[in-house]
$ cat target_32.pdb   # PDB, C-alpha atoms
ATOM      1  CA  MET A   1     -17.832  12.994 -15.149
ATOM      2  CA  GLU A   2     -18.257  10.448 -12.420
ATOM      3  CA  ILE A   3     -16.009   9.367  -9.562
ATOM      4  CA  LEU A   4     -16.759   6.238  -7.611
ATOM      5  CA  TRP A   5     -14.854   6.079  -4.358
ATOM      6  CA  TRP A   6     -14.495   4.061  -1.201
ATOM      7  CA  ARG A   7     -13.517   5.598   2.111
ATOM      8  CA  GLY A   8     -11.130   2.734   2.865
ATOM      9  CA  CYS A   9      -8.707   3.946   0.235
ATOM     10  CA  PRO A  10      -7.171   7.284   1.176
ATOM     11  CA  SER A  11      -6.638   8.687  -2.319
ATOM     12  CA  TRP A  12     -10.299   9.529  -2.946
ATOM     13  CA  GLU A  13     -10.155  13.160  -1.905
ATOM     14  CA  GLU A  14      -7.061  13.817  -3.981
ATOM     15  CA  ALA A  15      -8.769  12.134  -6.928
ATOM     16  CA  ILE A  16     -11.799  14.388  -6.658
ATOM     17  CA  ASP A  17      -9.552  17.457  -6.426
ATOM     18  CA  LEU A  18      -7.543  16.287  -9.417
ATOM     19  CA  VAL A  19     -10.637  15.775 -11.564
ATOM     20  CA  ARG A  20     -12.111  19.120 -10.542
ATOM     21  CA  GLU A  21      -8.868  20.876 -11.402
ATOM     22  CA  GLU A  22      -8.727  19.270 -14.814
ATOM     23  CA  MET A  23     -12.365  20.097 -15.498
ATOM     24  CA  ALA A  24     -11.755  23.731 -14.594
ATOM     25  CA  ALA A  25      -8.648  23.776 -16.782
ATOM     26  CA  ALA A  26     -10.745  22.425 -19.646
ATOM     27  CA  GLY A  27     -13.283  25.209 -19.184
ATOM     28  CA  LEU A  28     -15.888  22.923 -17.637
ATOM     29  CA  ASP A  29     -17.793  23.406 -14.413
ATOM     30  CA  PRO A  30     -15.851  21.524 -11.722
ATOM     31  CA  ASP A  31     -19.014  21.206  -9.675
ATOM     32  CA  ALA A  32     -20.478  19.055 -12.433
ATOM     33  CA  VAL A  33     -18.439  16.125 -11.155
ATOM     34  CA  GLU A  34     -20.665  13.453  -9.730
ATOM     35  CA  ASP A  35     -18.817  11.769  -6.885
ATOM     36  CA  ARG A  36     -20.434   8.772  -5.301
ATOM     37  CA  GLU A  37     -19.278   6.891  -2.255
ATOM     38  CA  ILE A  38     -19.430   3.120  -2.567
ATOM     39  CA  SER A  39     -19.447   1.461   0.836
ATOM     40  CA  THR A  40     -20.423  -2.159   0.257
ATOM     41  CA  GLU A  41     -19.083  -5.028  -1.810
ATOM     42  CA  GLU A  42     -22.536  -5.392  -3.301
ATOM     43  CA  GLY A  43     -22.492  -1.750  -4.316
ATOM     44  CA  ALA A  44     -19.063  -2.188  -5.905
ATOM     45  CA  ARG A  45     -20.325  -5.187  -7.872
ATOM     46  CA  THR A  46     -23.462  -3.376  -8.955
ATOM     47  CA  GLU A  47     -21.411  -0.428 -10.184
ATOM     48  CA  GLY A  48     -18.670  -2.602 -11.646
ATOM     49  CA  MET A  49     -16.127  -0.581  -9.668
ATOM     50  CA  PRO A  50     -12.597  -1.965 -10.166
ATOM     51  CA  GLY A  51     -11.294  -0.340  -6.996
ATOM     52  CA  SER A  52     -11.283   3.183  -5.638
ATOM     53  CA  PRO A  53     -11.092   5.730  -7.092
ATOM     54  CA  THR A  54     -12.713   4.882 -10.420
ATOM     55  CA  ILE A  55     -13.147   7.821 -12.777
ATOM     56  CA  ARG A  56     -15.462   7.663 -15.733
ATOM     57  CA  VAL A  57     -16.191  10.181 -18.438
ATOM     58  CA  ASN A  58     -19.517   9.597 -20.141
ATOM     59  CA  GLY A  59     -19.460   6.114 -18.636
ATOM     60  CA  ARG A  60     -16.018   5.290 -19.983
ATOM     61  CA  ASP A  61     -13.195   4.540 -17.587
ATOM     62  CA  ILE A  62     -10.258   6.884 -18.041
ATOM     63  CA  GLN A  63      -7.936   3.889 -17.941
ATOM     64  CA  PRO A  64      -8.770   0.254 -18.744
ATOM     65  CA  PRO A  65      -9.129  -1.501 -15.388
ATOM     66  CA  GLY A  66      -6.686  -4.253 -16.328
ATOM     67  CA  SER A  67      -6.276  -6.729 -13.491
ATOM     68  CA  ASN A  68      -7.932  -4.529 -10.863
ATOM     69  CA  PRO A  69     -10.681  -6.680  -9.333
ATOM     70  CA  ILE A  70     -14.239  -5.470  -8.907
ATOM     71  CA  GLY A  71     -14.777  -4.638  -5.251
ATOM     72  CA  LEU A  72     -13.921  -2.470  -2.280
ATOM     73  CA  THR A  73     -10.215  -2.114  -2.752
ATOM     74  CA  CYS A  74      -7.677   0.498  -3.697
ATOM     75  CA  ARG A  75      -7.226   0.744  -7.415
ATOM     76  CA  VAL A  76      -3.796   0.507  -8.948
ATOM     77  CA  TYR A  77      -3.206   3.004 -11.742
ATOM     78  CA  ARG A  78      -0.401   2.696 -14.232
ATOM     79  CA  ARG A  79       1.434   5.976 -14.575
ATOM     80  CA  ARG A  80       2.864   7.112 -17.871
ATOM     81  CA  ASP A  81       6.358   6.890 -16.401
ATOM     82  CA  GLY A  82       5.809   3.159 -15.892
ATOM     83  CA  GLY A  83       5.208   3.365 -12.159
ATOM     84  CA  THR A  84       2.098   2.554 -10.196
ATOM     85  CA  SER A  85       0.004   4.842  -8.084
ATOM     86  CA  ALA A  86      -3.205   5.162  -6.128
ATOM     87  CA  LEU A  87      -4.070   8.066  -8.429
ATOM     88  CA  PRO A  88      -4.331   8.221 -12.205
ATOM     89  CA  ASP A  89      -1.906  10.200 -14.240
ATOM     90  CA  ARG A  90      -3.220  13.727 -14.582
ATOM     91  CA  ALA A  91      -2.735  13.394 -18.355
ATOM     92  CA  ASP A  92      -5.080  10.396 -18.431
ATOM     93  CA  VAL A  93      -7.797  12.460 -16.753
ATOM     94  CA  ARG A  94      -7.187  15.264 -19.235
ATOM     95  CA  ASP A  95      -7.259  12.909 -22.207
ATOM     96  CA  GLY A  96     -10.477  11.348 -20.969
ATOM     97  CA  LEU A  97     -12.082  14.755 -20.788
ATOM     98  CA  MET A  98     -10.776  15.713 -24.221
ATOM     99  CA  ARG A  99     -12.086  12.528 -25.791
ATOM    100  CA  ALA A 100     -15.509  13.147 -24.298
ATOM    101  CA  MET A 101     -15.558  16.774 -25.422
ATOM    102  CA  GLU A 102     -14.503  15.887 -28.936
ATOM    103  CA  GLY A 103     -17.126  13.132 -29.005
ATOM    104  CA  SER A 104     -19.773  15.610 -27.923
ATOM    105  CA  ASP A 105     -18.674  18.068 -30.566
ATOM    106  CA  ALA A 106     -18.888  15.443 -33.303
ATOM    107  CA  SER A 107     -22.371  14.257 -32.381
TER
ATOM    108  CA  MET B 108     -11.051 -10.215  13.608
ATOM    109  CA  GLN B 109      -9.927  -6.634  12.977
ATOM    110  CA  ALA B 110     -11.393  -5.409  16.266
ATOM    111  CA  LYS B 111      -9.129  -7.791  18.190
ATOM    112  CA  ALA B 112      -5.908  -6.568  16.607
ATOM    113  CA  ALA B 113      -3.268  -5.307  19.011
ATOM    114  CA  THR B 114      -1.753  -1.839  19.181
ATOM    115  CA  LEU B 115       1.949  -2.083  19.956
ATOM    116  CA  GLN B 116       3.507   0.731  21.929
ATOM    117  CA  ILE B 117       6.907   2.213  21.196
ATOM    118  CA  GLY B 118       9.509   0.672  23.476
ATOM    119  CA  THR B 119       7.675  -2.594  24.082
ATOM    120  CA  LEU B 120       8.931  -6.030  23.118
ATOM    121  CA  VAL B 121       7.182  -7.215  19.983
ATOM    122  CA  PRO B 122       5.281 -10.510  19.813
ATOM    123  CA  PRO B 123       6.961 -13.546  18.288
ATOM    124  CA  LEU B 124       6.703 -13.998  14.544
ATOM    125  CA  GLU B 125       6.910 -17.389  12.901
ATOM    126  CA  LEU B 126       5.572 -17.607   9.385
ATOM    127  CA  PRO B 127       6.385 -19.515   6.190
ATOM    128  CA  ASP B 128       8.092 -17.716   3.348
ATOM    129  CA  THR B 129       7.148 -18.281  -0.275
ATOM    130  CA  LYS B 130       9.195 -21.494  -0.326
ATOM    131  CA  GLY B 131       7.486 -22.833   2.775
ATOM    132  CA  ASN B 132      10.446 -22.247   5.091
ATOM    133  CA  LEU B 133       9.428 -21.131   8.552
ATOM    134  CA  THR B 134      10.961 -17.740   9.244
ATOM    135  CA  THR B 135      11.264 -16.027  12.594
ATOM    136  CA  LEU B 136      12.559 -12.813  14.065
ATOM    137  CA  PRO B 137      16.269 -12.835  14.819
ATOM    138  CA  LEU B 138      17.210 -13.801  18.347
ATOM    139  CA  PRO B 139      17.804 -10.854  20.705
ATOM    140  CA  GLY B 140      21.235  -9.451  19.953
ATOM    141  CA  GLU B 141      21.519 -11.318  16.660
ATOM    142  CA  ALA B 142      20.760  -8.345  14.380
ATOM    143  CA  PRO B 143      21.311  -4.661  15.215
ATOM    144  CA  ALA B 144      17.867  -3.789  13.841
ATOM    145  CA  THR B 145      14.972  -5.557  12.155
ATOM    146  CA  VAL B 146      12.278  -4.140   9.908
ATOM    147  CA  VAL B 147       9.006  -6.054   9.832
ATOM    148  CA  PHE B 148       6.545  -4.565   7.413
ATOM    149  CA  TRP B 149       3.126  -5.508   6.214
ATOM    150  CA  THR B 150       2.648  -5.328   2.493
ATOM    151  CA  CYS B 151       0.654  -7.034  -0.243
ATOM    152  CA  ASN B 152       0.378  -7.472  -3.996
ATOM    153  CA  HIS B 153      -2.724  -5.459  -4.755
ATOM    154  CA  CYS B 154      -2.346  -2.130  -2.982
ATOM    155  CA  PRO B 155      -1.070   0.857  -4.982
ATOM    156  CA  TYR B 156       0.559   2.328  -1.887
ATOM    157  CA  ALA B 157       2.447  -0.873  -1.124
ATOM    158  CA  LEU B 158       3.484  -1.142  -4.760
ATOM    159  CA  ALA B 159       4.582   2.476  -4.974
ATOM    160  CA  TRP B 160       6.765   2.177  -1.865
ATOM    161  CA  HIS B 161       8.109  -1.274  -2.636
ATOM    162  CA  GLU B 162      11.234  -0.277  -4.547
ATOM    163  CA  ARG B 163      12.202   2.207  -1.842
ATOM    164  CA  LEU B 164      11.935  -0.577   0.725
ATOM    165  CA  THR B 165      13.995  -3.014  -1.333
ATOM    166  CA  ASP B 166      16.616  -0.290  -1.838
ATOM    167  CA  ALA B 167      16.738   0.325   1.909
ATOM    168  CA  ALA B 168      17.021  -3.400   2.595
ATOM    169  CA  ARG B 169      19.993  -3.669   0.257
ATOM    170  CA  ASP B 170      21.616  -0.522   1.628
ATOM    171  CA  TYR B 171      21.304  -1.596   5.264
ATOM    172  CA  ALA B 172      22.164  -5.265   4.736
ATOM    173  CA  VAL B 173      25.817  -4.403   5.123
ATOM    174  CA  ALA B 174      25.032  -3.183   8.649
ATOM    175  CA  GLY B 175      23.284  -6.458   9.387
ATOM    176  CA  VAL B 176      19.747  -5.068   9.383
ATOM    177  CA  ARG B 177      17.115  -7.671   8.568
ATOM    178  CA  PHE B 178      13.904  -7.044   6.670
ATOM    179  CA  LEU B 179      10.826  -9.275   6.755
ATOM    180  CA  ALA B 180       7.776  -8.592   4.582
ATOM    181  CA  VAL B 181       4.434 -10.012   5.699
ATOM    182  CA  ASN B 182       1.207 -10.426   3.749
ATOM    183  CA  SER B 183      -1.841 -11.143   5.911
ATOM    184  CA  ASN B 184      -4.569 -10.309   3.418
ATOM    185  CA  ASP B 185      -7.422 -12.722   2.863
ATOM    186  CA  ALA B 186      -6.668 -14.266  -0.523
ATOM    187  CA  GLU B 187     -10.306 -15.213  -0.946
ATOM    188  CA  ARG B 188     -11.106 -11.519  -1.144
ATOM    189  CA  HIS B 189      -8.002 -10.688  -3.176
ATOM    190  CA  ALA B 190      -6.741 -13.591  -5.237
ATOM    191  CA  VAL B 191      -3.703 -11.548  -6.180
ATOM    192  CA  ASP B 192      -2.569 -11.849  -2.561
ATOM    193  CA  SER B 193      -2.506 -15.655  -2.647
ATOM    194  CA  LEU B 194       0.616 -17.589  -1.737
ATOM    195  CA  GLU B 195       1.050 -18.553  -5.375
ATOM    196  CA  ALA B 196       0.881 -14.913  -6.459
ATOM    197  CA  MET B 197       3.351 -13.974  -3.723
ATOM    198  CA  ARG B 198       5.698 -16.707  -4.919
ATOM    199  CA  GLU B 199       5.525 -15.440  -8.509
ATOM    200  CA  ARG B 200       6.291 -11.916  -7.415
ATOM    201  CA  VAL B 201       9.324 -12.848  -5.378
ATOM    202  CA  ALA B 202      10.657 -14.961  -8.244
ATOM    203  CA  ASN B 203      10.108 -12.244 -10.822
ATOM    204  CA  GLU B 204      11.370  -9.308  -8.789
ATOM    205  CA  ASN B 205      14.404 -10.691  -6.955
ATOM    206  CA  TRP B 206      13.336  -9.615  -3.497
ATOM    207  CA  PRO B 207      16.156  -9.022  -0.999
ATOM    208  CA  PHE B 208      14.036 -10.208   1.943
ATOM    209  CA  PRO B 209      11.629 -13.047   2.683
ATOM    210  CA  TYR B 210       7.946 -12.565   1.882
ATOM    211  CA  LEU B 211       5.973 -14.260   4.618
ATOM    212  CA  ARG B 212       2.445 -15.572   4.350
ATOM    213  CA  ASP B 213       0.191 -14.976   7.365
ATOM    214  CA  GLU B 214      -2.582 -17.237   6.175
ATOM    215  CA  GLU B 215      -4.425 -17.417   9.494
ATOM    216  CA  GLN B 216      -3.880 -13.700  10.154
ATOM    217  CA  GLY B 217      -2.536 -14.444  13.629
ATOM    218  CA  ALA B 218       0.513 -12.247  13.126
ATOM    219  CA  ALA B 219      -1.673  -9.366  12.012
ATOM    220  CA  VAL B 220      -3.836  -9.755  15.093
ATOM    221  CA  ALA B 221      -0.759  -9.825  17.349
ATOM    222  CA  TRP B 222       1.049  -6.897  15.716
ATOM    223  CA  GLY B 223      -1.900  -4.791  14.602
ATOM    224  CA  PRO B 224      -0.810  -3.398  11.235
ATOM    225  CA  ARG B 225      -3.325  -0.852  10.030
ATOM    226  CA  THR B 226      -2.416  -0.607   6.376
ATOM    227  CA  THR B 227      -0.200  -1.935   3.644
ATOM    228  CA  PRO B 228       2.451  -0.818   4.018
ATOM    229  CA  ASP B 229       2.884  -0.440   7.771
ATOM    230  CA  LEU B 230       6.414  -0.639   9.167
ATOM    231  CA  PHE B 231       7.633  -1.882  12.541
ATOM    232  CA  VAL B 232      11.310  -1.156  13.168
ATOM    233  CA  LEU B 233      12.901  -3.052  16.045
ATOM    234  CA  ASP B 234      16.149  -2.637  17.892
ATOM    235  CA  SER B 235      18.548  -5.485  18.618
ATOM    236  CA  GLU B 236      16.519  -6.500  21.668
ATOM    237  CA  LEU B 237      13.340  -6.678  19.562
ATOM    238  CA  ARG B 238      11.765  -3.616  21.101
ATOM    239  CA  LEU B 239       9.604  -1.480  18.834
ATOM    240  CA  ARG B 240      11.436   1.762  18.047
ATOM    241  CA  TYR B 241       9.622   3.104  14.986
ATOM    242  CA  ARG B 242       6.188   2.476  13.604
ATOM    243  CA  GLY B 243       4.513   3.930  10.525
ATOM    244  CA  ALA B 244       5.118   4.911   6.933
ATOM    245  CA  PRO B 245       8.403   4.651   4.999
ATOM    246  CA  ASP B 246       8.363   8.363   4.194
ATOM    247  CA  ALA B 247       6.046  11.299   3.669
ATOM    248  CA  ASP B 248       4.809  10.640   0.133
ATOM    249  CA  HIS B 249       4.232   7.388  -1.720
ATOM    250  CA  GLU B 250       4.071   9.386  -4.953
ATOM    251  CA  ASP B 251       7.586  10.778  -4.636
ATOM    252  CA  PRO B 252      10.445   8.278  -5.081
ATOM    253  CA  ALA B 253      12.906  11.014  -4.122
ATOM    254  CA  GLN B 254      11.671  10.662  -0.537
ATOM    255  CA  ASN B 255      13.705   7.437  -0.545
ATOM    256  CA  ALA B 256      12.093   5.942   2.567
ATOM    257  CA  ALA B 257      13.579   8.808   4.568
ATOM    258  CA  TRP B 258      11.650   8.108   7.783
ATOM    259  CA  LEU B 259      12.637   4.471   7.734
ATOM    260  CA  ARG B 260      16.282   5.301   7.029
ATOM    261  CA  ALA B 261      16.335   7.910   9.779
ATOM    262  CA  ALA B 262      14.897   5.381  12.205
ATOM    263  CA  LEU B 263      17.489   2.780  11.238
ATOM    264  CA  ASP B 264      20.319   5.301  11.474
ATOM    265  CA  ALA B 265      19.141   6.271  14.954
ATOM    266  CA  ILE B 266      18.842   2.673  16.147
ATOM    267  CA  LEU B 267      22.266   1.792  14.739
ATOM    268  CA  ALA B 268      23.686   4.817  16.600
ATOM    269  CA  ASN B 269      21.914   3.737  19.791
ATOM    270  CA  ARG B 270      19.572   6.720  19.704
ATOM    271  CA  ALA B 271      15.785   6.882  19.812
ATOM    272  CA  PRO B 272      14.260   7.548  16.371
ATOM    273  CA  GLU B 273      12.584  10.903  16.003
ATOM    274  CA  PRO B 274       9.757  10.732  15.168
ATOM    275  CA  ALA B 275       9.111   7.333  16.664
ATOM    276  CA  GLU B 276       5.703   7.090  15.031
ATOM    277  CA  THR B 277       4.138   8.344  11.836
ATOM    278  CA  GLU B 278       0.723   7.742  10.382
ATOM    279  CA  PRO B 279       0.757   4.649   8.157
ATOM    280  CA  VAL B 280      -0.820   5.330   4.775
ATOM    281  CA  GLY B 281      -2.175   2.688   2.457
ATOM    282  CA  CYS B 282      -4.819   0.041   2.007
ATOM    283  CA  SER B 283      -6.578  -1.603   4.909
ATOM    284  CA  ILE B 284      -5.693  -5.138   5.928
ATOM    285  CA  LYS B 285      -8.162  -7.483   4.241
ATOM    286  CA  TRP B 286      -9.439  -9.489   7.169
ATOM    287  CA  LYS B 287     -11.214 -12.787   6.731
ATOM    288  CA  GLN B 288     -14.971 -12.301   6.934
TER
END
$ encode --input "target_32.pdb" --output "structure tokens"
Amino acid sequence: MEILWWRGCPSWEEAIDLVREEMAAAGLDPDAVEDREISTEEGARTEGMPGSPTIRVNGRDIQPPGSNPIGLTCRVYRRRDGGTSALPDRADVRDGLMRAMEGSDAS
Amino acid sequence: MQAKAATLQIGTLVPPLELPDTKGNLTTLPLPGEAPATVVFWTCNHCPYALAWHERLTDAARDYAVAGVRFLAVNSNDAERHAVDSLEAMRERVANENWPFPYLRDEEQGAAVAWGPRTTPDLFVLDSELRLRYRGAPDADHEDPAQNAAWLRAALDAILANRAPEPAETEPVGCSIKWKQ
């Protein structure tokens, strides 16, 4: 589980908390989250970060980035209720974790 | 350019504002005494905070239009850094979403330097004499539509009743202004 974040977008701490909570709920070690601050445009390009926060499970984004541009910007997440937010839907984080766990089980 | 941006104090007269809307029409603040209150807010097309609060701001604009309150939305972001904040993208958004207020393009970022918005959104609520009476966020939580821009509405209610808004300032929350490099 990896979180790429940029300090210029204020939702990063909430995102880390959210992911840790969902990992704990899934029976995983919440301290296993790798959170990495991205502070330059070059770093964002190198990482392919479509805005902050970007959350990946086994390298796979929990939500397709859509029109979010690569760079130091706040990421727009589509919520399941149709709205937009600076944070992903909790259910998307959970589903991402479940997919990864099922994938691990099958391999 | 960011380091030069002003910090407006509550109670001071705000700087002039003259910017084109999405149709190219130059738009200004009302003349002193022309509107009982005016809301100037910085916003943009790419920021999740600005997007999340947008409907609450359009609702407030419609609700307070009957009292003569004017709303002006300003986008100062560098479109070279965020193409989605270009004039063309602003135009598309206004056309598709039936905005109840003009969406002004601050291409040279002069208005942002003069007013000093810190984030999108960042609200400046003026009284009839164009003095700054409230500055900050629309309400306490961009994630909660039930907040209904409560801080903004309270500020407008106070100004319309000739009282000082309380609080007069809150911390703006959102994305940074994308200054030209």
$ closest_residue --input "target_32.pdb" --among "A:Arg56, A:Arg75, A:Arg20, A:Arg80" --to "Gly96 (chain A)" --atoms "all atoms listed in the file"
A:Arg56
$ atom_distance --input "target_32.pdb" --atom1 "CA of Ile3 (chain A)" --atom2 "CA of Cys151 (chain B)"
25.2 Å
$ resolve_selection --input "target_32.pdb" --expression "the PyMOL selection byres ((chain B) within 7 of (chain A))" --output "JSON, numbers by chain"
{"B": [154, 155, 156, 158, 159, 250, 281, 282, 283]}
$ atom_distance --input "target_32.pdb" --atom1 "CA of Met101 (chain A)" --atom2 "CA of Leu4 (chain A)"
20.7 Å
$ closest_residue --input "target_32.pdb" --among "A:Arg90, A:Glu37, A:Gly66, A:Gly48" --to "Met23 (chain A)" --atoms "only C-alpha atoms"
A:Arg90
$ resolve_selection --input "target_32.pdb" --expression "the PyMOL selection byres ((chain B and resi 119) around 12)" --output "list in words"
Thr114, Leu115, Gln116, Ile117, Gly118, Leu120, Val121, Pro122, Trp222, Phe231, Val232, Leu233, Asp234, Glu236, Leu237, Arg238, Leu239, Arg240, Tyr241 and Arg242 of chain B
$ closest_residue --input "target_32.pdb" --among "A:Arg94, A:Arg7, A:Asn58, A:Gly27" --to "Thr40 (chain A)" --atoms "all atoms listed in the file"
A:Arg7
$ atom_distance --input "target_32.pdb" --atom1 "CA of Ala91 (chain A)" --atom2 "CA of Arg36 (chain A)"
22.5 Å
$ residues_around --input "target_32.pdb" --residues "region 194-196 of chain B" --least-positions-apart "3" --cutoff "8 Å" --atoms "all atoms listed in the file" --output "list in words"
Thr129, Asn152, Ala190, Val191, Glu199, Arg200 and Arg212 of chain B
$ resolve_selection --input "target_32.pdb" --expression "the PyMOL selection byres ((chain A and resi 59) around 12)" --output "ChimeraX atom specification"
/A:1-4,34,47-49,54-58,60-63,96-97,100
$ write_last_selection --input "target_32.pdb" --atoms "C-alpha atoms" --output "short mmCIF file (atom, residue, chain, number, x, y, z; two decimals), keeping the file's coordinate frame"
data_model
loop_
_atom_site.label_atom_id
_atom_site.label_comp_id
_atom_site.auth_asym_id
_atom_site.auth_seq_id
_atom_site.Cartn_x
_atom_site.Cartn_y
_atom_site.Cartn_z
CA MET A 1 -17.83 12.99 -15.15
CA GLU A 2 -18.26 10.45 -12.42
CA ILE A 3 -16.01 9.37 -9.56
CA LEU A 4 -16.76 6.24 -7.61
CA GLU A 34 -20.66 13.45 -9.73
CA GLU A 47 -21.41 -0.43 -10.18
CA GLY A 48 -18.67 -2.60 -11.65
CA MET A 49 -16.13 -0.58 -9.67
CA THR A 54 -12.71 4.88 -10.42
CA ILE A 55 -13.15 7.82 -12.78
CA ARG A 56 -15.46 7.66 -15.73
CA VAL A 57 -16.19 10.18 -18.44
CA ASN A 58 -19.52 9.60 -20.14
CA ARG A 60 -16.02 5.29 -19.98
CA ASP A 61 -13.20 4.54 -17.59
CA ILE A 62 -10.26 6.88 -18.04
CA GLN A 63 -7.94 3.89 -17.94
CA GLY A 96 -10.48 11.35 -20.97
CA LEU A 97 -12.08 14.76 -20.79
CA ALA A 100 -15.51 13.15 -24.30
#
$ residues_around --input "target_32.pdb" --residues "Gly223 (chain B)" --least-positions-apart "3" --cutoff "10 Å" --atoms "only C-alpha atoms" --output "NGL selection string"
:B and (109-115 or 149 or 217-220 or 226 or 229 or 284)
$ residues_near_point --input "target_32.pdb" --point "(16.4, -3.1, -1.4)" --cutoff "12 Å" --atoms "all atoms listed in the file" --output "list in words"
Trp160, His161, Glu162, Arg163, Leu164, Thr165, Asp166, Ala167, Ala168, Arg169, Asp170, Tyr171, Ala172, Val173, Val176, Arg177, Phe178, Leu179, Ala180, Glu204, Asn205, Trp206, Pro207, Phe208, Pro209, Asn255, Ala256 and Arg260 of chain B
$ residues_around --input "target_32.pdb" --residues "Ala157 (chain B)" --least-positions-apart "6" --cutoff "6 Å" --atoms "all atoms listed in the file" --output "tab-separated table (two decimals) with C-alpha atoms, in the coordinates of the input"
chain	number	residue	atom	x	y	z
B	150	THR	CA	2.65	-5.33	2.49
B	227	THR	CA	-0.20	-1.94	3.64
B	228	PRO	CA	2.45	-0.82	4.02
$ residues_around --input "target_32.pdb" --residues "Ala257 (chain B)" --least-positions-apart "3" --cutoff "12 Å" --atoms "all atoms listed in the file" --output "list in words"
Trp160, Arg163, Leu164, Asp166, Ala167, Gly243, Ala244, Pro245, Asp246, Ala247, Asp248, His249, Asp251, Pro252, Ala253, Gln254, Arg260, Ala261, Ala262, Leu263, Asp264, Pro272, Glu273, Pro274 and Thr277 of chain B
$ axis_aligned_box --input "target_32.pdb" --around "region 198-209 of chain B" --padding-each-side "3 Å" --output "AutoDock Vina command-line options"
--center_x 10.8 --center_y -12.9 --center_z -4.1 --size_x 16.6 --size_y 13.7 --size_z 19.5
$ residues_around --input "target_32.pdb" --residues "Leu124 (chain B)" --least-positions-apart "5" --cutoff "8 Å" --atoms "only C-alpha atoms" --output "list of chain:residue names"
B:Thr134, B:Thr135, B:Leu136, B:Ala218
$ build_atoms --input "target_32.pdb" --residues "region 79-91 of chain A" --atoms "N, CA and C atoms" --output "mmCIF file, in the frame of the given file"
data_model
loop_
_atom_site.group_PDB
_atom_site.id
_atom_site.type_symbol
_atom_site.label_atom_id
_atom_site.label_comp_id
_atom_site.auth_asym_id
_atom_site.auth_seq_id
_atom_site.Cartn_x
_atom_site.Cartn_y
_atom_site.Cartn_z
ATOM 1 N N ARG A 79 1.036 4.631 -14.189
ATOM 2 C CA ARG A 79 1.434 5.976 -14.575
ATOM 3 C C ARG A 79 2.166 5.939 -15.900
ATOM 4 N N ARG A 80 2.215 7.057 -16.559
ATOM 5 C CA ARG A 80 2.864 7.112 -17.871
ATOM 6 C C ARG A 80 4.378 6.932 -17.779
ATOM 7 N N ASP A 81 4.915 7.126 -16.568
ATOM 8 C CA ASP A 81 6.358 6.890 -16.401
ATOM 9 C C ASP A 81 6.656 5.428 -16.085
ATOM 10 N N GLY A 82 5.619 4.581 -16.128
ATOM 11 C CA GLY A 82 5.809 3.159 -15.892
ATOM 12 C C GLY A 82 5.575 2.740 -14.451
ATOM 13 N N GLY A 83 5.431 3.691 -13.565
ATOM 14 C CA GLY A 83 5.208 3.365 -12.159
ATOM 15 C C GLY A 83 3.744 3.076 -11.873
ATOM 16 N N THR A 84 3.483 2.780 -10.617
ATOM 17 C CA THR A 84 2.098 2.554 -10.196
ATOM 18 C C THR A 84 1.733 3.592 -9.142
ATOM 19 N N SER A 85 0.451 3.813 -9.021
ATOM 20 C CA SER A 85 0.004 4.842 -8.084
ATOM 21 C C SER A 85 -1.436 4.584 -7.677
ATOM 22 N N ALA A 86 -1.813 5.198 -6.569
ATOM 23 C CA ALA A 86 -3.205 5.162 -6.128
ATOM 24 C C ALA A 86 -4.042 6.213 -6.846
ATOM 25 N N LEU A 87 -3.381 7.027 -7.664
ATOM 26 C CA LEU A 87 -4.070 8.066 -8.429
ATOM 27 C C LEU A 87 -3.725 7.915 -9.904
ATOM 28 N N PRO A 88 -4.656 8.278 -10.775
ATOM 29 C CA PRO A 88 -4.331 8.221 -12.205
ATOM 30 C C PRO A 88 -3.374 9.335 -12.590
ATOM 31 N N ASP A 89 -2.715 9.131 -13.678
ATOM 32 C CA ASP A 89 -1.906 10.200 -14.240
ATOM 33 C C ASP A 89 -2.839 11.366 -14.602
ATOM 34 N N ARG A 90 -2.414 12.552 -14.261
ATOM 35 C CA ARG A 90 -3.220 13.727 -14.582
ATOM 36 C C ARG A 90 -3.529 13.783 -16.091
ATOM 37 N N ALA A 91 -2.547 13.364 -16.902
ATOM 38 C CA ALA A 91 -2.735 13.394 -18.355
ATOM 39 C C ALA A 91 -3.828 12.429 -18.800
#
